[in-house]
>>> print(open('data.txt').read())   # compact mmCIF, C-alpha atoms
# COMPACT_ATOMS: atom_id res chain seq x y z
CA MET A 71 3.06 -24.60 8.80
CA SER A 72 1.62 -26.81 6.09
CA GLY A 73 3.26 -29.20 3.62
CA GLN A 74 5.90 -27.62 1.43
CA GLY A 75 4.66 -24.10 2.10
CA PHE A 76 3.41 -22.24 5.12
CA LYS A 77 0.46 -20.12 6.09
CA ILE A 78 1.20 -16.77 7.64
CA VAL A 79 -2.52 -16.42 8.36
CA ASP A 80 -2.55 -19.19 10.99
CA ILE A 81 0.29 -17.68 12.97
CA GLU A 82 -1.05 -14.16 12.66
CA GLN A 83 -4.43 -15.09 14.13
CA ASP A 84 -2.88 -15.20 17.61
CA LEU A 85 -1.27 -11.82 17.06
CA ILE A 86 -4.55 -10.36 15.86
CA LYS A 87 -6.32 -11.56 18.99
CA ALA A 88 -3.54 -10.31 21.28
CA ASN A 89 -3.72 -6.97 19.50
CA GLU A 90 -7.50 -6.75 19.98
CA LYS A 91 -7.11 -7.18 23.74
CA ILE A 92 -4.69 -4.27 23.96
CA ALA A 93 -6.90 -2.19 21.65
CA LYS A 94 -9.86 -2.71 24.00
CA LYS A 95 -7.81 -1.49 26.95
CA ILE A 96 -6.77 1.59 25.00
CA GLN A 97 -10.35 2.30 23.92
CA LYS A 98 -11.52 2.04 27.55
CA LEU A 99 -8.86 4.55 28.58
CA PHE A 100 -9.87 6.96 25.81
CA HIS A 101 -13.52 6.70 26.90
CA GLU A 102 -12.61 7.36 30.55
CA LYS A 103 -10.74 10.47 29.45
CA GLY A 104 -13.62 11.58 27.20
CA ILE A 105 -11.47 11.65 24.07
CA LYS A 106 -13.01 11.20 20.62
CA THR A 107 -10.68 9.05 18.55
CA PHE A 108 -10.27 8.43 14.84
CA ASP A 109 -8.00 5.91 13.08
CA ILE A 110 -7.15 7.10 9.57
CA VAL A 111 -6.10 4.36 7.16
CA GLY A 112 -5.41 4.42 3.45
CA ALA A 113 -2.91 3.90 0.67
CA ILE A 114 0.42 5.67 0.60
CA GLY A 115 0.04 9.04 -1.08
CA ALA A 116 -3.77 9.08 -0.89
CA GLY A 117 -3.54 12.35 1.04
CA LYS A 118 -4.14 11.20 4.64
CA THR A 119 -1.70 13.71 6.11
CA MET A 120 -2.98 16.60 3.99
CA ILE A 121 -6.57 15.79 4.97
CA LEU A 122 -5.47 15.83 8.61
CA GLU A 123 -3.67 19.14 8.13
CA THR A 124 -6.89 20.60 6.72
CA LEU A 125 -8.98 19.17 9.58
CA VAL A 126 -6.49 20.48 12.15
CA GLU A 127 -6.77 23.99 10.71
CA ARG A 128 -10.59 23.85 10.87
CA LEU A 129 -10.84 22.30 14.34
CA LYS A 130 -7.92 23.59 16.39
CA GLY A 131 -9.79 26.72 17.56
CA LYS A 132 -12.76 24.65 18.76
CA TYR A 133 -11.15 21.53 20.25
CA ARG A 134 -7.94 20.50 22.00
CA LEU A 135 -6.35 18.25 19.38
CA ALA A 136 -3.55 15.72 19.36
CA LEU A 137 -2.25 13.39 16.67
CA VAL A 138 -0.21 10.25 16.30
CA THR A 139 1.25 9.53 12.86
CA ALA A 140 2.63 6.12 11.93
CA ASP A 141 5.00 5.26 9.13
CA VAL A 142 7.58 2.55 8.47
CA THR A 143 10.30 5.18 8.58
CA THR A 144 10.84 9.00 8.58
CA GLU A 145 9.33 11.80 10.69
CA ILE A 146 7.94 13.66 7.65
CA ASP A 147 4.23 13.33 8.50
CA ALA A 148 4.59 14.44 12.12
CA ASP A 149 6.66 17.44 11.07
CA ARG A 150 3.91 18.51 8.66
CA ILE A 151 1.29 18.30 11.42
CA ARG A 152 3.45 20.08 14.03
CA ARG A 153 3.75 23.12 11.75
CA HIS A 154 0.05 23.71 12.52
CA GLY A 155 0.89 24.11 16.22
CA VAL A 156 -0.61 20.88 17.53
CA LYS A 157 0.95 18.02 19.43
CA CYS A 158 1.93 15.14 17.17
CA ILE A 159 3.85 11.97 17.98
CA GLN A 160 5.52 9.95 15.24
CA ILE A 161 5.64 6.17 15.49
CA ASN A 162 8.01 4.34 13.16
CA THR A 163 6.88 0.77 12.63
CA GLY A 164 10.10 -0.46 11.00
CA ARG A 165 9.21 -3.38 8.75
CA GLU A 166 5.61 -3.53 9.94
CA CYS A 167 2.88 -2.56 7.51
CA ALA A 168 0.29 -1.49 10.10
CA LEU A 169 0.18 0.30 13.39
CA THR A 170 -0.59 -2.10 16.25
CA ALA A 171 -2.39 -1.34 19.50
CA SER A 172 0.83 -2.26 21.29
CA LEU A 173 2.83 0.37 19.40
CA LEU A 174 0.17 2.98 20.15
CA GLN A 175 0.12 1.99 23.81
CA ASN A 176 3.87 2.60 24.02
CA VAL A 177 3.48 6.31 23.22
CA LEU A 178 0.35 7.10 25.26
CA ASP A 179 2.44 8.43 28.17
CA GLN A 180 3.75 11.13 25.83
CA LEU A 181 0.21 12.48 25.31
CA PRO A 182 -1.55 14.84 27.77
CA LEU A 183 -4.64 12.61 27.89
CA ASP A 184 -6.46 14.86 30.37
CA ASP A 185 -6.23 17.81 28.00
CA ILE A 186 -7.29 16.28 24.68
CA ASP A 187 -10.76 16.42 23.10
CA ILE A 188 -9.94 14.69 19.82
CA LEU A 189 -7.13 12.31 18.89
CA PHE A 190 -6.43 11.48 15.26
CA VAL A 191 -4.24 8.44 14.62
CA GLU A 192 -2.79 8.26 11.13
CA ASN A 193 -2.03 4.63 10.34
CA VAL A 194 0.77 3.37 8.07
CA GLY A 195 0.05 4.02 4.38
CA ASN A 196 -1.32 0.61 3.41
CA LEU A 197 -4.69 -0.70 2.23
CA ILE A 198 -4.26 -4.29 3.37
CA CYS A 199 -2.50 -4.76 6.73
CA PRO A 200 -4.43 -2.25 8.91
CA ALA A 201 -7.59 -4.28 8.26
CA ASP A 202 -6.32 -6.88 10.72
CA PHE A 203 -5.09 -4.55 13.43
CA VAL A 204 -7.46 -2.25 15.30
CA VAL A 205 -5.80 0.27 17.60
CA GLY A 206 -8.62 1.22 19.97
CA CYS A 207 -10.11 4.22 18.17
CA ASP A 208 -13.89 4.76 18.01
CA LYS A 209 -14.12 5.40 14.30
CA ARG A 210 -12.08 4.36 11.33
CA ILE A 211 -11.72 6.58 8.26
CA VAL A 212 -10.39 5.02 5.05
CA VAL A 213 -8.80 7.43 2.57
CA VAL A 214 -8.20 6.62 -1.09
CA SER A 215 -7.65 8.93 -4.03
CA ILE A 216 -8.95 8.89 -7.58
CA THR A 217 -5.34 8.80 -8.87
CA GLU A 218 -5.04 5.23 -7.57
CA GLY A 219 -7.38 4.08 -10.32
CA GLY A 220 -11.04 3.17 -10.35
CA HIS A 221 -10.50 -0.34 -8.95
CA VAL A 222 -8.91 0.70 -5.67
CA VAL A 223 -12.15 0.31 -3.70
CA ILE A 224 -13.30 -3.10 -4.96
CA LYS A 225 -9.77 -4.47 -4.62
CA HIS A 226 -9.77 -3.74 -0.85
CA PRO A 227 -13.19 -4.76 0.44
CA LEU A 228 -12.00 -5.63 3.94
CA LEU A 229 -10.86 -2.14 4.83
CA PHE A 230 -14.08 -0.60 3.50
CA LYS A 231 -16.13 -3.14 5.45
CA MET A 232 -14.32 -2.17 8.65
CA SER A 233 -14.47 1.60 8.20
CA ASP A 234 -17.15 4.08 9.24
CA VAL A 235 -16.22 6.79 6.77
CA ALA A 236 -14.64 6.61 3.30
CA VAL A 237 -12.87 9.63 1.87
CA ILE A 238 -12.25 9.68 -1.88
CA ASN A 239 -9.59 12.34 -2.25
CA LYS A 240 -7.85 14.32 -5.04
CA ILE A 241 -11.21 14.97 -6.63
CA ASP A 242 -9.70 18.17 -8.14
CA LEU A 243 -7.93 15.83 -10.62
CA ARG A 244 -11.19 14.30 -11.90
CA ASP A 245 -10.79 15.90 -15.34
CA VAL A 246 -7.30 14.49 -15.97
CA MET A 247 -7.93 10.96 -14.65
CA ASP A 248 -9.83 8.22 -16.50
CA VAL A 249 -11.78 7.43 -13.37
CA ASP A 250 -15.42 7.78 -12.39
CA PRO A 251 -15.56 8.90 -8.72
CA GLU A 252 -19.28 8.07 -8.55
CA LYS A 253 -18.47 4.44 -9.43
CA MET A 254 -16.01 4.40 -6.51
CA VAL A 255 -18.76 5.74 -4.20
CA LYS A 256 -21.09 3.00 -5.45
CA ASP A 257 -18.40 0.33 -4.93
CA ALA A 258 -17.86 1.49 -1.34
CA LEU A 259 -21.59 1.39 -0.59
CA ASP A 260 -21.96 -2.02 -2.24
CA ILE A 261 -19.25 -3.36 0.08
CA ASN A 262 -20.55 -1.57 3.17
CA PRO A 263 -24.04 0.00 3.02
CA TYR A 264 -23.41 1.78 6.35
CA ILE A 265 -20.24 3.60 5.29
CA LYS A 266 -20.46 7.36 4.78
CA VAL A 267 -18.60 8.42 1.66
CA VAL A 268 -17.21 11.91 1.12
CA LEU A 269 -15.51 13.20 -2.04
CA THR A 270 -12.73 15.62 -1.12
CA SER A 271 -9.81 17.63 -2.37
CA ALA A 272 -7.49 18.36 0.53
CA LYS A 273 -5.68 20.66 -1.91
CA THR A 274 -8.63 22.94 -2.79
CA GLY A 275 -10.69 22.32 0.37
CA GLU A 276 -13.60 20.82 -1.57
CA GLY A 277 -15.65 18.42 0.57
CA ILE A 278 -13.84 19.19 3.85
CA ASP A 279 -16.93 20.88 5.38
CA GLU A 280 -18.94 17.79 4.54
CA LEU A 281 -16.23 15.58 6.09
CA VAL A 282 -16.36 17.62 9.32
CA ASP A 283 -20.17 17.15 9.35
CA VAL A 284 -19.89 13.40 8.74
CA LEU A 285 -17.36 13.10 11.59
CA GLU A 286 -19.88 14.99 13.78
CA LEU A 287 -17.25 17.55 14.85
CA MET B 160 6.23 -12.19 22.52
CA SER B 161 7.47 -9.45 24.80
CA GLY B 162 5.99 -7.87 27.94
CA GLN B 163 2.59 -6.32 27.48
CA GLY B 164 2.85 -6.24 23.71
CA PHE B 165 4.19 -8.53 21.04
CA LYS B 166 6.56 -8.38 18.15
CA ILE B 167 5.31 -9.65 14.82
CA VAL B 168 8.84 -9.26 13.48
CA ASP B 169 10.27 -12.09 15.60
CA ILE B 170 7.67 -14.59 14.47
CA GLU B 171 7.87 -13.54 10.84
CA GLN B 172 11.62 -14.13 10.65
CA ASP B 173 11.02 -17.89 10.44
CA LEU B 174 8.44 -17.39 7.70
CA ILE B 175 10.81 -15.16 5.77
CA LYS B 176 13.53 -17.81 5.89
CA ALA B 177 11.12 -20.61 4.91
CA ASN B 178 9.94 -18.44 2.02
CA GLU B 179 13.52 -17.84 0.84
CA LYS B 180 14.15 -21.58 0.61
CA ILE B 181 11.13 -22.09 -1.63
CA ALA B 182 12.09 -19.03 -3.69
CA LYS B 183 15.55 -20.53 -4.34
CA LYS B 184 13.97 -23.76 -5.60
CA ILE B 185 11.69 -21.79 -7.91
CA GLN B 186 14.58 -19.69 -9.21
CA LYS B 187 16.60 -22.85 -9.95
CA LEU B 188 13.66 -24.26 -11.92
CA PHE B 189 13.28 -21.02 -13.93
CA HIS B 190 17.02 -21.10 -14.73
CA GLU B 191 16.83 -24.72 -15.85
CA LYS B 192 13.96 -23.81 -18.16
CA GLY B 193 15.83 -20.74 -19.46
CA ILE B 194 13.07 -18.33 -18.42
CA LYS B 195 13.85 -14.68 -17.69
CA THR B 196 11.77 -13.63 -14.69
CA PHE B 197 10.72 -10.27 -13.29
CA ASP B 198 8.88 -9.54 -10.02
CA ILE B 199 6.94 -6.28 -10.28
CA VAL B 200 6.16 -4.61 -6.95
CA GLY B 201 4.64 -1.24 -6.14
CA ALA B 202 1.81 0.64 -4.52
CA ILE B 203 -1.79 0.02 -5.42
CA GLY B 204 -2.78 2.15 -8.38
CA ALA B 205 0.80 3.01 -9.36
CA GLY B 206 0.15 1.52 -12.77
CA LYS B 207 1.86 -1.88 -12.53
CA THR B 208 -0.76 -3.65 -14.63
CA MET B 209 -0.87 -0.91 -17.28
CA ILE B 210 2.94 -0.96 -17.53
CA LEU B 211 2.75 -4.73 -18.02
CA GLU B 212 0.03 -4.34 -20.66
CA THR B 213 2.31 -1.93 -22.53
CA LEU B 214 5.31 -4.26 -22.21
CA VAL B 215 3.22 -7.24 -23.37
CA GLU B 216 2.18 -5.34 -26.50
CA ARG B 217 5.82 -4.46 -27.30
CA LEU B 218 7.28 -7.89 -26.54
CA LYS B 219 4.68 -10.49 -27.50
CA GLY B 220 5.84 -10.68 -31.15
CA LYS B 221 9.44 -11.28 -30.08
CA TYR B 222 9.16 -13.55 -27.03
CA ARG B 223 6.84 -16.21 -25.62
CA LEU B 224 5.39 -14.43 -22.60
CA ALA B 225 3.47 -15.52 -19.53
CA LEU B 226 2.27 -13.60 -16.49
CA VAL B 227 1.16 -14.21 -12.96
CA THR B 228 -0.79 -11.42 -11.25
CA ALA B 229 -1.36 -11.34 -7.50
CA ASP B 230 -3.99 -9.43 -5.61
CA VAL B 231 -5.79 -9.86 -2.30
CA THR B 232 -9.03 -10.37 -4.18
CA THR B 233 -10.59 -10.05 -7.69
CA GLU B 234 -9.45 -11.29 -11.12
CA ILE B 235 -9.38 -7.78 -12.64
CA ASP B 236 -5.64 -7.61 -13.36
CA ALA B 237 -5.44 -11.02 -15.02
CA ASP B 238 -8.45 -10.22 -17.20
CA ARG B 239 -6.74 -7.01 -18.38
CA ILE B 240 -3.59 -8.95 -19.33
CA ARG B 241 -5.49 -11.81 -21.03
CA ARG B 242 -7.14 -9.34 -23.40
CA HIS B 243 -3.68 -8.99 -24.99
CA GLY B 244 -3.71 -12.67 -25.88
CA VAL B 245 -1.13 -13.92 -23.42
CA LYS B 246 -1.34 -16.55 -20.69
CA CYS B 247 -1.99 -15.01 -17.28
CA ILE B 248 -2.70 -16.71 -13.96
CA GLN B 249 -4.35 -14.80 -11.12
CA ILE B 250 -3.35 -15.55 -7.54
CA ASN B 251 -5.60 -14.21 -4.79
CA THR B 252 -3.67 -13.84 -1.55
CA GLY B 253 -6.71 -13.33 0.68
CA ARG B 254 -5.60 -11.30 3.70
CA GLU B 255 -1.93 -11.46 2.76
CA CYS B 256 -0.21 -8.26 1.68
CA ALA B 257 2.50 -9.90 -0.43
CA LEU B 258 2.88 -12.79 -2.80
CA THR B 259 4.93 -15.60 -1.26
CA ALA B 260 7.14 -18.11 -3.04
CA SER B 261 4.82 -20.81 -1.75
CA LEU B 262 1.78 -19.23 -3.41
CA LEU B 263 3.72 -18.89 -6.66
CA GLN B 264 4.89 -22.50 -6.45
CA ASN B 265 1.26 -23.64 -6.18
CA VAL B 266 0.42 -22.31 -9.66
CA LEU B 267 3.59 -23.29 -11.54
CA ASP B 268 1.96 -26.47 -12.88
CA GLN B 269 -0.56 -24.27 -14.69
CA LEU B 270 2.25 -22.63 -16.70
CA PRO B 271 3.80 -24.19 -19.85
CA LEU B 272 7.33 -23.73 -18.47
CA ASP B 273 8.98 -25.31 -21.52
CA ASP B 274 7.39 -22.74 -23.81
CA ILE B 275 8.04 -19.48 -21.98
CA ASP B 276 10.87 -17.01 -22.61
CA ILE B 277 9.82 -14.34 -20.14
CA LEU B 278 7.65 -14.51 -17.02
CA PHE B 279 6.37 -11.34 -15.38
CA VAL B 280 5.03 -11.73 -11.85
CA GLU B 281 2.92 -8.81 -10.67
CA ASN B 282 3.03 -8.73 -6.87
CA VAL B 283 0.24 -7.48 -4.57
CA GLY B 284 -0.11 -3.69 -4.65
CA ASN B 285 1.86 -2.82 -1.55
CA LEU B 286 5.09 -0.94 -0.86
CA ILE B 287 5.94 -2.59 2.45
CA CYS B 288 5.23 -6.33 2.66
CA PRO B 289 6.83 -7.57 -0.60
CA ALA B 290 10.20 -6.33 0.72
CA ASP B 291 10.32 -9.35 3.02
CA PHE B 292 9.14 -11.99 0.56
CA VAL B 293 11.15 -12.82 -2.53
CA VAL B 294 9.44 -15.15 -5.01
CA GLY B 295 12.36 -16.52 -7.03
CA CYS B 296 12.50 -14.02 -9.88
CA ASP B 297 15.82 -12.77 -11.25
CA LYS B 298 15.00 -9.09 -11.21
CA ARG B 299 12.69 -6.95 -9.15
CA ILE B 300 11.05 -3.85 -10.59
CA VAL B 301 9.48 -1.35 -8.18
CA VAL B 302 6.76 0.90 -9.64
CA VAL B 303 5.58 4.11 -8.01
CA SER B 304 3.76 7.05 -9.52
CA ILE B 305 4.15 10.80 -9.08
CA THR B 306 0.51 11.02 -7.93
CA GLU B 307 1.51 9.25 -4.70
CA GLY B 308 3.37 12.37 -3.63
CA GLY B 309 7.04 13.30 -3.59
CA HIS B 310 7.83 11.36 -0.40
CA VAL B 311 6.81 7.94 -1.65
CA VAL B 312 10.40 6.89 -2.42
CA ILE B 313 12.12 7.98 0.80
CA LYS B 314 9.29 6.51 2.87
CA HIS B 315 9.96 3.01 1.45
CA PRO B 316 13.74 2.60 1.37
CA LEU B 317 13.67 -1.17 1.80
CA LEU B 318 11.84 -1.89 -1.43
CA PHE B 319 14.11 0.44 -3.39
CA LYS B 320 17.19 -1.17 -1.82
CA MET B 321 15.98 -4.60 -2.94
CA SER B 322 14.97 -3.65 -6.48
CA ASP B 323 17.02 -3.60 -9.65
CA VAL B 324 14.83 -1.16 -11.56
CA ALA B 325 12.61 1.69 -10.33
CA VAL B 326 9.80 2.96 -12.53
CA ILE B 327 8.33 6.37 -11.70
CA ASN B 328 5.04 6.32 -13.56
CA LYS B 329 2.22 8.75 -14.50
CA ILE B 330 4.81 11.28 -15.61
CA ASP B 331 2.16 12.70 -17.99
CA LEU B 332 0.58 14.28 -14.88
CA ARG B 333 3.74 16.20 -13.93
CA ASP B 334 2.13 19.57 -14.70
CA VAL B 335 -0.88 19.03 -12.44
CA MET B 336 0.99 17.51 -9.48
CA ASP B 337 3.09 19.45 -6.95
CA VAL B 338 5.85 16.88 -7.25
CA ASP B 339 9.38 17.01 -8.63
CA PRO B 340 10.04 13.68 -10.42
CA GLU B 341 13.79 14.43 -10.53
CA LYS B 342 13.84 14.60 -6.72
CA MET B 343 12.22 11.13 -6.67
CA VAL B 344 14.95 9.85 -9.02
CA LYS B 345 17.60 11.34 -6.71
CA ASP B 346 15.94 9.78 -3.64
CA ALA B 347 15.94 6.35 -5.32
CA LEU B 348 19.63 6.64 -6.25
CA ASP B 349 20.54 7.89 -2.76
CA ILE B 350 18.91 4.75 -1.30
CA ASN B 351 20.34 2.39 -3.93
CA PRO B 352 23.12 3.71 -6.19
CA TYR B 353 22.82 0.59 -8.38
CA ILE B 354 19.13 0.95 -9.17
CA LYS B 355 18.17 1.96 -12.70
CA VAL B 356 15.42 4.59 -12.68
CA VAL B 357 13.03 5.15 -15.58
CA LEU B 358 10.36 7.86 -15.80
CA THR B 359 7.32 6.52 -17.64
CA SER B 360 3.75 7.16 -18.62
CA ALA B 361 2.04 3.85 -19.33
CA LYS B 362 -0.85 5.97 -20.64
CA THR B 363 1.09 7.91 -23.32
CA GLY B 364 3.92 5.38 -23.82
CA GLU B 365 6.59 7.84 -22.71
CA GLY B 366 9.66 6.06 -21.30
CA ILE B 367 8.53 2.54 -22.26
CA ASP B 368 11.29 2.14 -24.89
CA GLU B 369 13.81 3.10 -22.24
CA LEU B 370 12.25 0.61 -19.82
CA VAL B 371 12.58 -2.19 -22.40
CA ASP B 372 16.25 -1.23 -22.85
CA VAL B 373 16.88 -1.21 -19.10
CA LEU B 374 15.28 -4.65 -18.77
CA GLU B 375 17.61 -5.81 -21.60
CA LEU B 376 14.70 -7.22 -23.62
>>> encode(input="data.txt", output="structure tokens")
Amino acid sequence: MSGQGFKIVDIEQDLIKANEKIAKKIQKLFHEKGIKTFDIVGAIGAGKTMILETLVERLKGKYRLALVTADVTTEIDADRIRRHGVKCIQINTGRECALTASLLQNVLDQLPLDDIDILFVENVGNLICPADFVVGCDKRIVVVSITEGGHVVIKHPLLFKMSDVAVINKIDLRDVMDVDPEKMVKDALDINPYIKVVLTSAKTGEGIDELVDVLEL
Amino acid sequence: MSGQGFKIVDIEQDLIKANEKIAKKIQKLFHEKGIKTFDIVGAIGAGKTMILETLVERLKGKYRLALVTADVTTEIDADRIRRHGVKCIQINTGRECALTASLLQNVLDQLPLDDIDILFVENVGNLICPADFVVGCDKRIVVVSITEGGHVVIKHPLLFKMSDVAVINKIDLRDVMDVDPEKMVKDALDINPYIKVVLTSAKTGEGIDELVDVLEL
């Protein structure tokens, strides 16, 4: 608390640290079980779930897959994934704008951890909050789409700094949007020179092979 | 704090209440000064700033306007607004995913409150966090776009419950998106029967007259 106002940041620092501890425990467990794990973050409507549906179709014959999808409310995302015949657990975060390690930990007993090669965790659709809350996955994939406007990358540097892979989706709409996808690629690399950027269209399948390569799957 | 995990919600309740107190003070001040105030919330890239640019162009001959734009980082939005010749103050919220009343209060001395008829406050691009933090404006406008996918409304009931007006933007792209805008209108009205819904394209100007009418300006 400070003066007339207050600082959420100060209070949240403790939560962030507590969350990191749980995330480390989860990551250790995943490593012991030999599970490759990916945390998918991104804005609402960027196409995270559709990208995952496409990846599931490509990978389900080769690996034993499982997914966790997080959203403030509804079971819509999990239902979409389950139609592809893979295990998917929905977490509803209520008013919370990011998945926390604690929330993920609560559902781990519902997953057959001894029979999973790859776990994808779809975070809440949000480009700000998940930056503060890791969940114990090995790699983080940030998904944005060109329909969000050309500034979406530079407006969210933190999430691009913290991610290993950036997916710029809905590239099939490049002719109808006043956006330069190459500028978005440049912005991402300016923020994080180590990030691997892939242009995709989950709708047409463009770029999905390259994404699979980048994820080393 | 609870068991192995923790609940951010419990801690944030105090912040939400502290914020409401400041918001009430701000609202009282705006009323004393006779300023009409609008808080514009919505996802990143939904077109909030472009809608405001369009409104500014329509209204600046009739009213004395001022704007506050909030973003985690960058001055991009304020610069866009200033090009239209109106006063605009940028607030950078850092890691915070919503504008707070306290942050707004901090910049009020930079505004000529005796010479403003209408104040638009553009909140951080986020469909979750601003639901908890009012900033003292009379009306809240939630902006989404059809490019965010057909589920964007039902996935964020809280923000639609708390808003007076819903703008469904980028309607010019209806032919290239697999989305039914009328279903989004229905979803918004199912969540909040009192909300006024306007379909717009900030790009082509479609629906902006109707939006001005709905805002009673």
>>> residues_around(input="data.txt", residues="A:Asp149", least_positions_apart="4", cutoff="10 Å", atoms="only C-alpha atoms", output="ChimeraX atom specification")
/A:139,144-145,153-154,158-160
>>> closest_residue(input="data.txt", among="A:Lys157, A:Gly112, A:Glu102, A:Ser172", to="B:Asn285", atoms="only C-alpha atoms")
A:Gly112
>>> residues_around(input="data.txt", residues="A:Gln175", least_positions_apart="2", cutoff="9 Å", atoms="all atoms listed in the file", output="list in words")
Ile92, Ala93, Ile96, Thr170, Ala171, Ser172, Leu173, Val177, Leu178, Asp179 and Val205 of chain A; Gly164 of chain B
>>> closest_residue(input="data.txt", among="A:Val126, A:Leu135, A:Asp187, A:Ala140", to="A:Ile105", atoms="all atoms listed in the file")
A:Asp187
>>> interface_residues(input="data.txt", of="chain A", to="chain B", cutoff="8 Å", atoms="only C-alpha atoms", output="PDB file with C-alpha atoms, in the coordinates of the input")
ATOM      1  CA  GLN A  74       5.900 -27.620   1.430  1.00  0.00           C
ATOM      2  CA  GLY A  75       4.660 -24.100   2.100  1.00  0.00           C
ATOM      3  CA  PHE A  76       3.410 -22.240   5.120  1.00  0.00           C
ATOM      4  CA  ILE A  78       1.200 -16.770   7.640  1.00  0.00           C
ATOM      5  CA  VAL A  79      -2.520 -16.420   8.360  1.00  0.00           C
ATOM      6  CA  LEU A  85      -1.270 -11.820  17.060  1.00  0.00           C
ATOM      7  CA  ALA A  88      -3.540 -10.310  21.280  1.00  0.00           C
ATOM      8  CA  ASN A  89      -3.720  -6.970  19.500  1.00  0.00           C
ATOM      9  CA  ILE A  92      -4.690  -4.270  23.960  1.00  0.00           C
ATOM     10  CA  ALA A 113      -2.910   3.900   0.670  1.00  0.00           C
ATOM     11  CA  ILE A 114       0.420   5.670   0.600  1.00  0.00           C
ATOM     12  CA  GLY A 115       0.040   9.040  -1.080  1.00  0.00           C
ATOM     13  CA  ALA A 116      -3.770   9.080  -0.890  1.00  0.00           C
ATOM     14  CA  ASP A 141       5.000   5.260   9.130  1.00  0.00           C
ATOM     15  CA  VAL A 142       7.580   2.550   8.470  1.00  0.00           C
ATOM     16  CA  THR A 143      10.300   5.180   8.580  1.00  0.00           C
ATOM     17  CA  THR A 144      10.840   9.000   8.580  1.00  0.00           C
ATOM     18  CA  ARG A 165       9.210  -3.380   8.750  1.00  0.00           C
ATOM     19  CA  GLU A 166       5.610  -3.530   9.940  1.00  0.00           C
ATOM     20  CA  CYS A 167       2.880  -2.560   7.510  1.00  0.00           C
ATOM     21  CA  SER A 172       0.830  -2.260  21.290  1.00  0.00           C
ATOM     22  CA  LEU A 173       2.830   0.370  19.400  1.00  0.00           C
ATOM     23  CA  ASN A 196      -1.320   0.610   3.410  1.00  0.00           C
ATOM     24  CA  LEU A 197      -4.690  -0.700   2.230  1.00  0.00           C
ATOM     25  CA  ILE A 198      -4.260  -4.290   3.370  1.00  0.00           C
ATOM     26  CA  CYS A 199      -2.500  -4.760   6.730  1.00  0.00           C
ATOM     27  CA  THR A 217      -5.340   8.800  -8.870  1.00  0.00           C
ATOM     28  CA  GLU A 218      -5.040   5.230  -7.570  1.00  0.00           C
ATOM     29  CA  GLY A 219      -7.380   4.080 -10.320  1.00  0.00           C
ATOM     30  CA  VAL A 222      -8.910   0.700  -5.670  1.00  0.00           C
ATOM     31  CA  ILE A 224     -13.300  -3.100  -4.960  1.00  0.00           C
ATOM     32  CA  LYS A 225      -9.770  -4.470  -4.620  1.00  0.00           C
ATOM     33  CA  HIS A 226      -9.770  -3.740  -0.850  1.00  0.00           C
ATOM     34  CA  LEU A 243      -7.930  15.830 -10.620  1.00  0.00           C
ATOM     35  CA  VAL A 246      -7.300  14.490 -15.970  1.00  0.00           C
TER      36      VAL A 246
END
>>> atom_distance(input="data.txt", atom1="atom CA of A:Pro200", atom2="atom CA of A:Thr274")
28.1 Å
>>> atom_distance(input="data.txt", atom1="atom CA of B:Asp273", atom2="atom CA of B:Met321")
28.7 Å
>>> residues_around(input="data.txt", residues="A:Pro263", least_positions_apart="6", cutoff="12 Å", atoms="only C-alpha atoms", output="list in words")
Phe230, Lys231, Met232, Ser233, Asp234, Val235, Ala236, Val255, Lys256 and Asp257 of chain A
>>> atom_distance(input="data.txt", atom1="atom CA of B:Arg217", atom2="atom CA of B:Gly193")
20.7 Å
>>> closest_residue(input="data.txt", among="A:Ala272, A:Cys207, A:Val223, A:Val156", to="A:Glu252", atoms="all atoms listed in the file")
A:Val223
>>> residues_near_point(input="data.txt", point="(-8.4, 5.6, 16.6)", cutoff="7 Å", atoms="all atoms listed in the file", output="JSON, numbers by chain")
{"A": [107, 108, 109, 190, 191, 205, 206, 207, 208, 209, 210]}
>>> residues_near_point(input="data.txt", point="(8.1, 4.2, -10.4)", cutoff="6 Å", atoms="all atoms listed in the file", output="PDB file with C-alpha atoms, keeping the file's coordinate frame")
ATOM      1  CA  VAL B 302       6.760   0.900  -9.640  1.00  0.00           C
ATOM      2  CA  VAL B 303       5.580   4.110  -8.010  1.00  0.00           C
ATOM      3  CA  SER B 304       3.760   7.050  -9.520  1.00  0.00           C
ATOM      4  CA  ALA B 325      12.610   1.690 -10.330  1.00  0.00           C
ATOM      5  CA  VAL B 326       9.800   2.960 -12.530  1.00  0.00           C
ATOM      6  CA  ILE B 327       8.330   6.370 -11.700  1.00  0.00           C
ATOM      7  CA  ASN B 328       5.040   6.320 -13.560  1.00  0.00           C
TER       8      ASN B 328
END
>>> residues_around(input="data.txt", residues="B:Asp368", least_positions_apart="4", cutoff="10 Å", atoms="only C-alpha atoms", output="list in words")
Leu214, Arg217, Val357, Thr359, Gly364, Asp372, Val373 and Leu374 of chain B
